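K.L.:
Pasting upload.cif below, which is mmCIF, C-alpha atoms.
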data_my_file
loop_
_atom_site.label_atom_id
_atom_site.label_comp_id
_atom_site.auth_asym_id
_atom_site.auth_seq_id
_atom_site.Cartn_x
_atom_site.Cartn_y
_atom_site.Cartn_z
CA MET A 645 100.85 169.26 121.66
CA VAL A 646 99.24 167.43 118.73
CA GLY A 647 97.91 164.04 119.79
CA LEU A 648 97.34 160.72 118.11
CA ILE A 649 93.97 158.97 117.87
CA VAL A 650 93.90 155.34 116.81
CA ALA A 651 90.99 154.30 114.61
CA LEU A 652 90.13 150.67 115.32
CA ASP A 653 88.20 149.87 112.15
CA LEU A 654 88.41 146.17 112.76
CA MET A 655 85.69 143.56 112.85
CA ASP A 656 87.36 141.46 115.51
CA LYS A 657 86.68 142.41 119.10
CA SER A 658 89.62 140.68 120.72
CA LYS A 659 92.08 142.08 118.17
CA ALA A 660 90.65 145.57 118.73
CA LEU A 661 91.09 145.27 122.48
CA LYS A 662 94.58 143.82 122.10
CA ILE A 663 95.73 146.70 119.89
CA ALA A 664 94.11 149.27 122.17
CA TYR A 665 96.21 148.04 125.09
CA GLU A 666 99.35 147.79 122.94
CA VAL A 667 99.19 151.40 121.78
CA GLU A 668 97.80 153.03 124.92
CA ASP A 669 101.01 154.89 125.76
CA TYR A 670 100.99 156.67 122.42
CA VAL A 671 97.35 157.57 121.81
CA GLU A 672 95.03 160.01 123.53
CA MET A 673 91.76 158.58 122.24
CA ILE A 674 90.34 155.57 120.47
CA LYS A 675 87.98 155.99 117.52
CA VAL A 676 85.51 153.22 116.76
CA ASN A 677 83.20 152.96 113.78
CA TYR A 678 80.25 150.79 112.80
CA PRO A 679 82.30 147.88 111.42
CA LEU A 680 83.57 147.14 114.92
CA VAL A 681 80.39 148.04 116.81
CA LEU A 682 78.17 145.99 114.48
CA THR A 683 80.24 142.89 115.08
CA ALA A 684 81.26 143.39 118.72
CA GLY A 685 78.18 145.22 120.02
CA LEU A 686 77.95 148.63 121.66
CA GLU A 687 79.57 147.16 124.79
CA ILE A 688 82.93 147.42 123.04
CA ILE A 689 82.78 151.18 123.61
CA GLU A 690 82.63 150.74 127.36
CA GLU A 691 85.40 148.13 127.29
CA LEU A 692 87.70 150.34 125.23
CA SER A 693 86.87 153.30 127.49
CA GLU A 694 88.81 151.55 130.20
CA VAL A 695 91.92 152.06 128.04
CA LYS A 696 91.29 155.55 126.63
CA PRO A 697 88.31 157.85 125.95
CA VAL A 698 86.34 156.61 122.96
CA ILE A 699 85.02 158.58 119.99
CA ALA A 700 82.04 156.91 118.33
CA ASP A 701 82.61 157.66 114.68
CA PHE A 702 79.06 156.93 113.62
CA LYS A 703 78.97 159.77 111.10
CA VAL A 704 75.39 160.43 112.14
CA ALA A 705 73.48 161.55 109.06
CA ASP A 706 69.81 161.06 109.80
CA ILE A 707 66.76 163.15 110.66
CA PRO A 708 66.94 164.74 114.13
CA TYR A 709 64.68 162.18 115.85
CA THR A 710 66.62 159.11 114.70
CA SER A 711 69.92 160.89 115.26
CA SER A 712 68.96 161.64 118.86
CA LEU A 713 68.37 157.92 119.47
CA ILE A 714 71.78 157.05 118.02
CA ALA A 715 73.39 159.72 120.21
CA GLU A 716 71.61 158.45 123.34
CA ALA A 717 72.77 154.90 122.64
CA SER A 718 76.36 156.07 122.06
CA PHE A 719 76.70 158.16 125.19
CA LYS A 720 74.91 155.61 127.36
CA SER A 721 77.60 153.16 126.24
CA LYS A 722 80.23 155.53 127.67
CA ALA A 723 81.40 157.15 124.45
CA LYS A 724 83.20 160.40 125.27
CA ALA A 725 82.44 161.90 121.87
CA LEU A 726 80.28 161.32 118.80
CA ILE A 727 80.98 162.25 115.19
CA CYS A 728 78.07 163.72 113.23
CA HIS A 729 77.82 164.85 109.60
CA GLY A 730 77.23 168.53 109.03
CA PHE A 731 75.88 168.04 105.53
CA VAL A 732 72.49 166.86 106.82
CA GLY A 733 71.85 170.27 108.34
CA SER A 734 72.01 172.19 111.59
CA ASP A 735 68.84 170.63 113.05
CA THR A 736 70.48 167.22 113.28
CA VAL A 737 73.76 168.64 114.62
CA LYS A 738 71.94 170.71 117.26
CA THR A 739 69.89 167.68 118.30
CA VAL A 740 72.89 165.41 118.90
CA LEU A 741 74.70 168.26 120.67
CA ASP A 742 71.76 168.58 123.07
CA VAL A 743 72.00 164.86 123.81
CA ALA A 744 75.79 165.11 124.28
CA LYS A 745 75.38 167.88 126.85
CA LYS A 746 73.21 165.64 129.03
CA PHE A 747 76.11 163.19 129.22
CA ASN A 748 78.92 165.75 129.39
CA GLY A 749 79.93 164.41 125.98
CA GLU A 750 81.38 166.03 122.89
CA ILE A 751 80.28 166.40 119.27
CA TYR A 752 82.68 166.60 116.32
CA VAL A 753 81.28 167.53 112.93
CA VAL A 754 82.48 166.15 109.60
CA THR A 755 83.08 169.03 107.22
CA GLU A 756 84.27 167.00 104.23
CA LEU A 757 85.37 163.37 104.00
CA SER A 758 88.98 162.51 103.17
CA SER A 759 87.89 160.43 100.16
CA GLU A 760 87.83 161.64 96.55
CA GLY A 761 84.02 161.62 96.33
CA ALA A 762 83.89 164.42 98.89
CA LYS A 763 84.90 166.80 96.09
CA GLU A 764 81.58 166.17 94.30
CA TYR A 765 79.14 167.71 96.79
CA MET A 766 80.71 168.17 100.22
CA LEU A 767 83.71 170.33 99.44
CA GLU A 768 81.77 173.40 98.41
CA HIS A 769 79.87 173.43 101.72
CA SER A 770 82.75 172.45 103.96
CA ASN A 771 83.55 176.00 105.11
CA GLU A 772 79.90 176.76 105.85
CA ILE A 773 79.57 173.52 107.80
CA ALA A 774 82.67 174.35 109.84
CA ALA A 775 81.18 177.76 110.69
CA MET A 776 77.88 176.12 111.62
CA ALA A 777 79.64 173.67 113.95
CA LYS A 778 81.41 176.56 115.66
CA ASN A 779 78.26 178.68 115.97
CA LEU A 780 76.26 175.82 117.48
CA GLY A 781 78.94 175.24 120.11
CA CYS A 782 80.24 171.89 118.92
CA HIS A 783 83.58 170.74 120.25
CA GLY A 784 85.40 170.40 116.98
CA ILE A 785 85.44 169.30 113.36
CA ILE A 786 86.80 166.44 111.30
CA ALA A 787 88.93 167.69 108.42
CA PRO A 788 90.85 165.64 105.83
CA ALA A 789 94.62 165.17 106.05
CA THR A 790 94.42 164.35 102.34
CA ARG A 791 93.85 168.07 101.64
CA LYS A 792 96.33 170.07 103.70
CA SER A 793 95.39 173.44 102.25
CA ARG A 794 91.75 172.80 103.09
CA VAL A 795 92.66 172.04 106.69
CA ALA A 796 94.62 175.30 106.87
CA GLU A 797 91.55 177.16 105.61
CA LEU A 798 89.22 175.36 108.03
CA ARG A 799 91.53 176.30 110.93
CA LYS A 800 90.97 179.98 110.14
CA ILE A 801 87.21 179.44 110.29
CA VAL A 802 86.94 177.41 113.49
CA GLY A 803 89.55 179.26 115.55
CA GLU A 804 90.07 177.49 118.86
CA LEU A 805 87.78 174.54 118.07
CA LYS A 806 89.52 171.19 117.97
CA ILE A 807 90.42 169.77 114.56
CA LEU A 808 90.69 165.98 114.21
CA SER A 809 92.24 164.88 110.97
CA PRO A 810 92.02 161.43 109.37
CA GLY A 811 93.54 160.25 106.10
CA ILE A 812 97.22 159.89 107.03
CA GLY A 813 99.02 156.80 105.75
CA VAL A 814 97.05 154.37 103.60
CA GLN A 815 94.78 157.13 102.31
CA GLY A 816 97.76 159.20 101.23
CA GLY A 817 97.49 162.13 103.63
CA ASN A 818 100.69 163.80 104.72
CA LEU A 819 101.79 164.34 108.31
CA GLU A 820 102.51 167.99 107.42
CA VAL A 821 98.87 168.58 108.29
CA VAL A 822 99.84 168.51 111.98
CA LYS A 823 100.65 172.21 111.78
CA TYR A 824 96.92 172.95 111.68
CA VAL A 825 95.30 170.24 113.76
CA ASP A 826 94.89 169.06 117.35
CA TYR A 827 94.69 165.34 116.69
CA VAL A 828 95.78 163.08 113.88
CA ILE A 829 93.61 159.99 113.38
CA VAL A 830 95.42 156.89 112.11
CA GLY A 831 93.86 153.50 111.46
CA ARG A 832 95.26 150.95 109.04
CA SER A 833 98.90 152.14 109.36
CA ILE A 834 98.69 151.14 113.01
CA TYR A 835 96.31 148.18 113.24
CA ASN A 836 97.61 146.48 110.11
CA ALA A 837 101.25 147.00 111.12
CA GLU A 838 103.30 144.00 112.12
CA ASN A 839 104.04 145.80 115.37
CA PRO A 840 101.17 148.22 116.13
CA LYS A 841 102.90 149.58 119.23
CA LYS A 842 106.03 150.47 117.31
CA ALA A 843 103.98 151.91 114.44
CA ALA A 844 102.06 154.16 116.85
CA GLU A 845 105.30 155.26 118.52
CA GLU A 846 106.90 156.13 115.18
CA ILE A 847 103.86 158.05 113.98
CA LEU A 848 103.73 160.01 117.24
CA ASN A 849 107.44 160.81 116.94
CA GLY A 850 106.82 161.94 113.36
CA ILE A 851 104.01 164.19 114.54
CA HIS A 852 106.19 165.84 117.15
CA ARG A 853 109.13 166.22 114.77
CA ILE A 854 106.98 168.16 112.30
CA GLN A 855 105.15 170.09 114.97
CA TYR A 856 108.34 171.44 116.50
CA GLU A 857 110.43 171.97 113.38
CA VAL A 858 111.31 175.58 112.72
CA MET B 932 50.63 149.01 93.26
CA VAL B 933 52.26 151.28 95.83
CA GLY B 934 53.43 149.32 98.85
CA LEU B 935 53.95 150.06 102.51
CA ILE B 936 57.25 149.70 104.36
CA VAL B 937 57.21 149.76 108.14
CA ALA B 938 60.13 151.50 109.81
CA LEU B 939 60.85 149.84 113.14
CA ASP B 940 62.84 152.62 114.81
CA LEU B 941 62.48 151.06 118.20
CA MET B 942 65.07 150.20 120.79
CA ASP B 943 63.28 147.12 122.06
CA LYS B 944 63.90 143.89 120.21
CA SER B 945 60.84 141.98 121.37
CA LYS B 946 58.53 144.92 120.62
CA ALA B 947 60.06 145.24 117.14
CA LEU B 948 59.50 141.54 116.43
CA LYS B 949 55.97 141.67 117.84
CA ILE B 950 54.99 144.60 115.63
CA ALA B 951 56.63 143.01 112.58
CA TYR B 952 54.42 139.94 112.92
CA GLU B 953 51.34 142.06 113.65
CA VAL B 954 51.66 144.13 110.49
CA GLU B 955 53.01 141.47 108.13
CA ASP B 956 49.85 141.29 106.02
CA TYR B 957 50.04 144.98 105.18
CA VAL B 958 53.71 145.65 104.58
CA GLU B 959 56.10 144.58 101.83
CA MET B 960 59.32 145.30 103.64
CA ILE B 961 60.68 146.17 107.06
CA LYS B 962 63.12 149.03 107.50
CA VAL B 963 65.52 148.95 110.43
CA ASN B 964 67.88 151.66 111.54
CA TYR B 965 70.77 151.93 113.98
CA PRO B 966 68.66 152.59 117.09
CA LEU B 967 67.28 149.05 116.83
CA VAL B 968 70.44 147.36 115.56
CA LEU B 969 72.65 148.99 118.19
CA THR B 970 70.45 147.66 120.98
CA ALA B 971 69.37 144.32 119.50
CA GLY B 972 72.46 143.44 117.49
CA LEU B 973 72.78 142.75 113.77
CA GLU B 974 71.00 139.40 114.32
CA ILE B 975 67.71 141.28 114.45
CA ILE B 976 67.99 141.71 110.66
CA GLU B 977 68.02 137.98 110.10
CA GLU B 978 65.16 137.44 112.56
CA LEU B 979 63.00 140.11 110.90
CA SER B 980 63.87 138.67 107.47
CA GLU B 981 61.78 135.67 108.39
CA VAL B 982 58.78 138.00 108.39
CA LYS B 983 59.56 140.26 105.41
CA PRO B 984 62.62 141.41 103.46
CA VAL B 985 64.65 143.89 105.50
CA ILE B 986 66.11 147.21 104.43
CA ALA B 987 69.08 148.27 106.55
CA ASP B 988 68.63 152.02 106.80
CA PHE B 989 72.17 152.71 107.87
CA LYS B 990 72.44 155.90 105.80
CA VAL B 991 76.00 154.94 104.99
CA ALA B 992 78.05 158.13 104.78
CA ASP B 993 81.67 157.17 105.14
CA ILE B 994 84.78 156.78 102.99
CA PRO B 995 84.57 153.86 100.53
CA TYR B 996 86.66 151.44 102.61
CA THR B 997 84.66 151.81 105.82
CA SER B 998 81.40 151.86 103.86
CA SER B 999 82.30 148.55 102.22
CA LEU B 1000 82.74 146.95 105.66
CA ILE B 1001 79.33 148.24 106.79
CA ALA B 1002 77.76 146.90 103.59
CA GLU B 1003 79.40 143.49 104.04
CA ALA B 1004 78.13 143.25 107.61
CA SER B 1005 74.61 144.25 106.54
CA PHE B 1006 74.26 141.79 103.68
CA LYS B 1007 75.89 138.97 105.61
CA SER B 1008 73.16 139.51 108.20
CA LYS B 1009 70.57 138.85 105.47
CA ALA B 1010 69.56 142.43 104.71
CA LYS B 1011 67.86 142.56 101.31
CA ALA B 1012 68.77 146.20 100.81
CA LEU B 1013 70.97 148.92 102.24
CA ILE B 1014 70.41 152.67 102.27
CA CYS B 1015 73.43 154.85 101.46
CA HIS B 1016 73.81 158.62 101.35
CA GLY B 1017 74.56 160.16 97.99
CA PHE B 1018 76.11 163.40 99.23
CA VAL B 1019 79.31 161.64 100.27
CA GLY B 1020 80.04 161.07 96.58
CA SER B 1021 79.84 158.45 93.88
CA ASP B 1022 82.90 156.52 95.08
CA THR B 1023 81.15 155.44 98.26
CA VAL B 1024 77.89 154.65 96.46
CA LYS B 1025 79.70 152.60 93.83
CA THR B 1026 81.61 150.71 96.52
CA VAL B 1027 78.52 149.65 98.47
CA LEU B 1028 76.76 148.76 95.21
CA ASP B 1029 79.64 146.43 94.34
CA VAL B 1030 79.24 144.73 97.71
CA ALA B 1031 75.45 144.49 97.24
CA LYS B 1032 75.90 142.72 93.90
CA LYS B 1033 77.91 139.95 95.55
CA PHE B 1034 74.92 139.23 97.79
CA ASN B 1035 72.21 139.84 95.18
CA GLY B 1036 71.24 142.81 97.35
CA GLU B 1037 69.93 146.28 96.57
CA ILE B 1038 71.14 149.82 97.21
CA TYR B 1039 68.85 152.80 97.74
CA VAL B 1040 70.37 156.26 97.76
CA VAL B 1041 69.23 159.15 99.95
CA THR B 1042 68.80 162.24 97.78
CA GLU B 1043 67.61 164.62 100.50
CA LEU B 1044 66.39 163.92 104.04
CA SER B 1045 62.77 164.63 104.98
CA SER B 1046 63.87 166.94 107.80
CA GLU B 1047 64.07 170.74 107.60
CA GLY B 1048 67.87 170.81 107.78
CA ALA B 1049 68.05 169.09 104.40
CA LYS B 1050 67.20 172.44 102.82
CA GLU B 1051 70.52 173.89 104.00
CA TYR B 1052 72.94 171.80 101.91
CA MET B 1053 71.31 168.66 100.54
CA LEU B 1054 68.41 170.09 98.58
CA GLU B 1055 70.50 171.84 95.94
CA HIS B 1056 72.30 168.58 95.12
CA SER B 1057 69.34 166.25 95.37
CA ASN B 1058 68.62 166.12 91.63
CA GLU B 1059 72.28 165.48 90.80
CA ILE B 1060 72.44 162.74 93.41
CA ALA B 1061 69.32 161.08 91.97
CA ALA B 1062 70.90 161.12 88.50
CA MET B 1063 74.12 159.68 89.92
CA ALA B 1064 72.21 156.85 91.62
CA LYS B 1065 70.50 156.02 88.34
CA ASN B 1066 73.70 156.18 86.31
CA LEU B 1067 75.56 153.89 88.70
CA GLY B 1068 72.79 151.30 88.50
CA CYS B 1069 71.41 151.61 92.02
CA HIS B 1070 67.98 150.15 92.68
CA GLY B 1071 66.22 153.26 93.82
CA ILE B 1072 66.26 156.45 95.82
CA ILE B 1073 64.87 157.74 99.10
CA ALA B 1074 62.85 160.94 98.58
CA PRO B 1075 60.94 162.96 101.20
CA ALA B 1076 57.15 162.77 101.49
CA THR B 1077 57.42 166.11 103.28
CA ARG B 1078 58.15 167.75 99.89
CA LYS B 1079 55.69 166.38 97.34
CA SER B 1080 56.78 168.65 94.50
CA ARG B 1081 60.37 167.52 95.01
CA VAL B 1082 59.35 163.88 94.75
CA ALA B 1083 57.50 164.65 91.50
CA GLU B 1084 60.68 166.23 90.14
CA LEU B 1085 62.86 163.35 91.28
CA ARG B 1086 60.50 160.89 89.57
CA LYS B 1087 61.24 162.62 86.24
CA ILE B 1088 64.96 162.18 86.83
CA VAL B 1089 65.06 158.55 87.95
CA GLY B 1090 62.45 157.15 85.53
CA GLU B 1091 61.78 153.51 86.37
CA LEU B 1092 63.97 153.41 89.46
CA LYS B 1093 62.12 152.68 92.68
CA ILE B 1094 61.27 155.62 94.92
CA LEU B 1095 60.88 154.96 98.66
CA SER B 1096 59.37 157.85 100.54
CA PRO B 1097 59.51 158.48 104.29
CA GLY B 1098 58.05 161.38 106.26
CA ILE B 1099 54.34 160.52 106.25
CA GLY B 1100 52.46 161.01 109.51
CA VAL B 1101 54.39 162.37 112.48
CA GLN B 1102 56.80 164.24 110.24
CA GLY B 1103 53.93 165.97 108.43
CA GLY B 1104 54.25 164.38 104.98
CA ASN B 1105 51.06 163.90 102.99
CA LEU B 1106 49.90 160.62 101.48
CA GLU B 1107 49.32 162.48 98.18
CA VAL B 1108 52.96 161.66 97.49
CA VAL B 1109 51.90 158.11 96.56
CA LYS B 1110 51.24 159.33 93.03
CA TYR B 1111 54.98 159.48 92.43
CA VAL B 1112 56.44 156.69 94.54
CA ASP B 1113 56.71 152.90 94.74
CA TYR B 1114 56.80 152.55 98.50
CA VAL B 1115 55.70 154.70 101.41
CA ILE B 1116 57.77 154.29 104.58
CA VAL B 1117 55.88 154.77 107.85
CA GLY B 1118 57.34 154.44 111.33
CA ARG B 1119 55.91 156.14 114.38
CA SER B 1120 52.32 156.29 113.06
CA ILE B 1121 52.38 152.50 113.06
CA TYR B 1122 54.63 151.40 115.92
CA ASN B 1123 53.39 154.02 118.36
CA ALA B 1124 49.74 153.32 117.50
CA GLU B 1125 47.55 151.65 120.09
CA ASN B 1126 46.79 149.01 117.45
CA PRO B 1127 49.72 148.82 115.01
CA LYS B 1128 47.96 146.25 112.82
CA LYS B 1129 44.89 148.45 112.38
CA ALA B 1130 47.09 151.53 111.80
CA ALA B 1131 49.02 149.71 109.04
CA GLU B 1132 45.79 148.53 107.44
CA GLU B 1133 44.31 152.03 107.45
CA ILE B 1134 47.44 153.58 106.00
CA LEU B 1135 47.55 150.96 103.25
CA ASN B 1136 43.89 151.59 102.46
CA GLY B 1137 44.63 155.31 102.32
CA ILE B 1138 47.52 154.67 99.92
CA HIS B 1139 45.32 152.66 97.58
CA ARG B 1140 42.46 155.16 97.76
CA ILE B 1141 44.74 157.96 96.61
CA GLN B 1142 46.57 155.82 94.08
CA TYR B 1143 43.40 154.83 92.30
CA GLU B 1144 41.42 158.04 92.55
CA VAL B 1145 40.71 159.67 89.21
#
Turn this file's structure into structure tokens for me.
P.N.:
Amino acid sequence: MVGLIVALDLMDKSKALKIAYEVEDYVEMIKVNYPLVLTAGLEIIEELSEVKPVIADFKVADIPYTSSLIAEASFKSKAKALICHGFVGSDTVKTVLDVAKKFNGEIYVVTELSSEGAKEYMLEHSNEIAAMAKNLGCHGIIAPATRKSRVAELRKIVGELKILSPGIGVQGGNLEVVKYVDYVIVGRSIYNAENPKKAAEEILNGIHRIQYEV
Amino acid sequence: MVGLIVALDLMDKSKALKIAYEVEDYVEMIKVNYPLVLTAGLEIIEELSEVKPVIADFKVADIPYTSSLIAEASFKSKAKALICHGFVGSDTVKTVLDVAKKFNGEIYVVTELSSEGAKEYMLEHSNEIAAMAKNLGCHGIIAPATRKSRVAELRKIVGELKILSPGIGVQGGNLEVVKYVDYVIVGRSIYNAENPKKAAEEILNGIHRIQYEV
């Protein structure tokens, strides 16, 4: 069954925690990014982990040495998973994967961003990066809901690997992408909603409706 | 005159501050990355700014919206400059540049990392990314001291834009690169030295020796 991941791209710790508890019945994981961690500190990962497993969406894109330090800090703060860019090369991805294994953690690799700029340089390498993530033994990839046909193509490449797909809602991605993914990542459409709990419930219902339609 | 930037990729706030004060006579700027900021908090940027201007080496590589939040947080914490990846596309670079302008800050764009993995996907786009950074009005680029001929080529593309070059020392880069750059970035060879002050002085002397040799 396709699951929902809430992206808490907020810069307000108490609001992030409040929304996490409000939506906990409808989401399988919580994704945090630097805007929240820079303002609330790494401790927010451990606090949110008490609600649901946390994915640190740090889009690691540095040389292996620095990337290993970022990975250590993330997993020590109880992140369940870390998101790393594939574009920087297999040495960085392999390095963070080695760190993840020490903590029984997971690594998800960005193939192409959901934004328009990804078409300039990332898109042409996206398939290769997906294959690299699979060959190295990563746990999954991040693929853009804003490009459904690309996600369908990436599914053929990664086989059983998990696909996490952001870009639904504000970014214009369509829920139809659920036919190819394991998790849909939604941020602003939930945390900016008047009623985040209801928004999460409706999105999850929408996911299941599409997933099970004939 | 080519200047020295110390990269404080430490995870110990008091050690980072200690080294900053020790080397202040020899460096023009201090570069901080996530390993330090994640452990010491964003406040470390403001504290280090009292010693020298700080470059937040966050290698921003996200969609424009999230990247703008990271840029806001960096400049509000008194960073003088922010490092952004170019491979994610011009929309993200333009977005962080717009934020930088509000704070009278600077944006430096990574063309290709100094690590081996950069040869897999980044290298072939590095020249295009350098041209994009110049066209958008960024303040400079980050180019690898581990590939001197590449830095020479990038210099032709960016003209008067500043070139900051990491990879000297532990990573194997050669100081000869100073002929093409404005700043050399050195981390481990300084902060892991028995005497960081002396190490910084010697590296700066080496830079000037090469710069002024006939």
K.L.:
Dump as a PyMOL selection string all residues having an atom at most 12 Å from (43.9, 158.6, 97.3), computed in the file's coordinates with all atoms listed in the file.
P.N.:
chain B and resi 933+1105-1110+1134-1145
K.L.:
Restricted to C-alpha atoms, what would the selected residues look like written as a compact mmCIF listing (two decimals), keeping the file's coordinate frame?
P.N.:
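Wrote part32.txt, looks like this:
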# COMPACT_ATOMS: atom_id res chain seq x y z
CA VAL B 933 52.26 151.28 95.83
CA ASN B 1105 51.06 163.90 102.99
CA LEU B 1106 49.90 160.62 101.48
CA GLU B 1107 49.32 162.48 98.18
CA VAL B 1108 52.96 161.66 97.49
CA VAL B 1109 51.90 158.11 96.56
CA LYS B 1110 51.24 159.33 93.03
CA ILE B 1134 47.44 153.58 106.00
CA LEU B 1135 47.55 150.96 103.25
CA ASN B 1136 43.89 151.59 102.46
CA GLY B 1137 44.63 155.31 102.32
CA ILE B 1138 47.52 154.67 99.92
CA HIS B 1139 45.32 152.66 97.58
CA ARG B 1140 42.46 155.16 97.76
CA ILE B 1141 44.74 157.96 96.61
CA GLN B 1142 46.57 155.82 94.08
CA TYR B 1143 43.40 154.83 92.30
CA GLU B 1144 41.42 158.04 92.55
CA VAL B 1145 40.71 159.67 89.21
K.L.:
For chain B, which residues have at least one atom within 8 Å of chain A, if we go by all atoms listed in the file? Write them as JSON, numbers by chain, please.
P.N.:
{"B": [940, 965, 966, 968, 969, 970, 972, 973, 990, 992, 993, 994, 995, 997, 1000, 1001, 1004, 1018, 1019, 1020, 1021, 1022, 1023, 1044, 1045, 1046, 1047, 1048, 1049, 1050, 1051, 1052, 1053, 1056]}
K.L.:
Return as a list in words the set of residues that the PyMOL selection byres ((chain A and resi 806) around 7) yields on the displayed structure.
P.N.:
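Selection result, ordered by chain and number: His783, Gly784, Ile785, Glu804, Leu805, Ile807, Leu808 and Asp826 of chain A.
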K.L.:
Under the PyMOL selection byres ((chain A and resi 667-674) around 10), which residues of this model are included? Write them out as a PyMOL selection string.
P.N.:
chain A and resi 646-652+662-666+675-676+689+692-693+695-701+723-725+827-831+834-835+839-849
K.L.:
By how many Å are CA of Met645 (chain A) and CA of Tyr752 (chain A) apart?
P.N.:
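CA of Tyr752 (chain A) lies 19.1 Å from CA of Met645 (chain A).
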K.L.:
Decode the PyMOL selection byres ((chain B and resi 1082-1085) around 10) for the given file into explicit residues and return them as a PDB file with C-alpha atoms, in the frame of the given file.
P.N.:
ATOM      1  CA  THR B1042      68.800 162.240  97.780  1.00  0.00           C
ATOM      2  CA  SER B1057      69.340 166.250  95.370  1.00  0.00           C
ATOM      3  CA  ASN B1058      68.620 166.120  91.630  1.00  0.00           C
ATOM      4  CA  GLU B1059      72.280 165.480  90.800  1.00  0.00           C
ATOM      5  CA  ILE B1060      72.440 162.740  93.410  1.00  0.00           C
ATOM      6  CA  ALA B1061      69.320 161.080  91.970  1.00  0.00           C
ATOM      7  CA  ALA B1062      70.900 161.120  88.500  1.00  0.00           C
ATOM      8  CA  ILE B1072      66.260 156.450  95.820  1.00  0.00           C
ATOM      9  CA  ILE B1073      64.870 157.740  99.100  1.00  0.00           C
ATOM     10  CA  ALA B1074      62.850 160.940  98.580  1.00  0.00           C
ATOM     11  CA  PRO B1075      60.940 162.960 101.200  1.00  0.00           C
ATOM     12  CA  ALA B1076      57.150 162.770 101.490  1.00  0.00           C
ATOM     13  CA  THR B1077      57.420 166.110 103.280  1.00  0.00           C
ATOM     14  CA  ARG B1078      58.150 167.750  99.890  1.00  0.00           C
ATOM     15  CA  LYS B1079      55.690 166.380  97.340  1.00  0.00           C
ATOM     16  CA  SER B1080      56.780 168.650  94.500  1.00  0.00           C
ATOM     17  CA  ARG B1081      60.370 167.520  95.010  1.00  0.00           C
ATOM     18  CA  ARG B1086      60.500 160.890  89.570  1.00  0.00           C
ATOM     19  CA  LYS B1087      61.240 162.620  86.240  1.00  0.00           C
ATOM     20  CA  ILE B1088      64.960 162.180  86.830  1.00  0.00           C
ATOM     21  CA  VAL B1089      65.060 158.550  87.950  1.00  0.00           C
ATOM     22  CA  GLY B1090      62.450 157.150  85.530  1.00  0.00           C
ATOM     23  CA  ILE B1094      61.270 155.620  94.920  1.00  0.00           C
ATOM     24  CA  LEU B1095      60.880 154.960  98.660  1.00  0.00           C
ATOM     25  CA  SER B1096      59.370 157.850 100.540  1.00  0.00           C
ATOM     26  CA  VAL B1108      52.960 161.660  97.490  1.00  0.00           C
ATOM     27  CA  VAL B1109      51.900 158.110  96.560  1.00  0.00           C
ATOM     28  CA  LYS B1110      51.240 159.330  93.030  1.00  0.00           C
ATOM     29  CA  TYR B1111      54.980 159.480  92.430  1.00  0.00           C
ATOM     30  CA  VAL B1112      56.440 156.690  94.540  1.00  0.00           C
TER      31      VAL B1112
END
K.L.:
Considering all atoms listed in the file, can you say which of B:Leu1013, B:Lys1007, B:Lys946, B:Met1063 comes closest to Phe1034 (chain B)?
P.N.:
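Looking only at the distances to Phe1034 (chain B), the closest residue turns out to be B:Lys1007.
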K.L.:
What is the distance between CA of Ala947 (chain B) and CA of Ile688 (chain A), in Å to one decimal?
P.N.:
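A separation of 23.7 Å between them.
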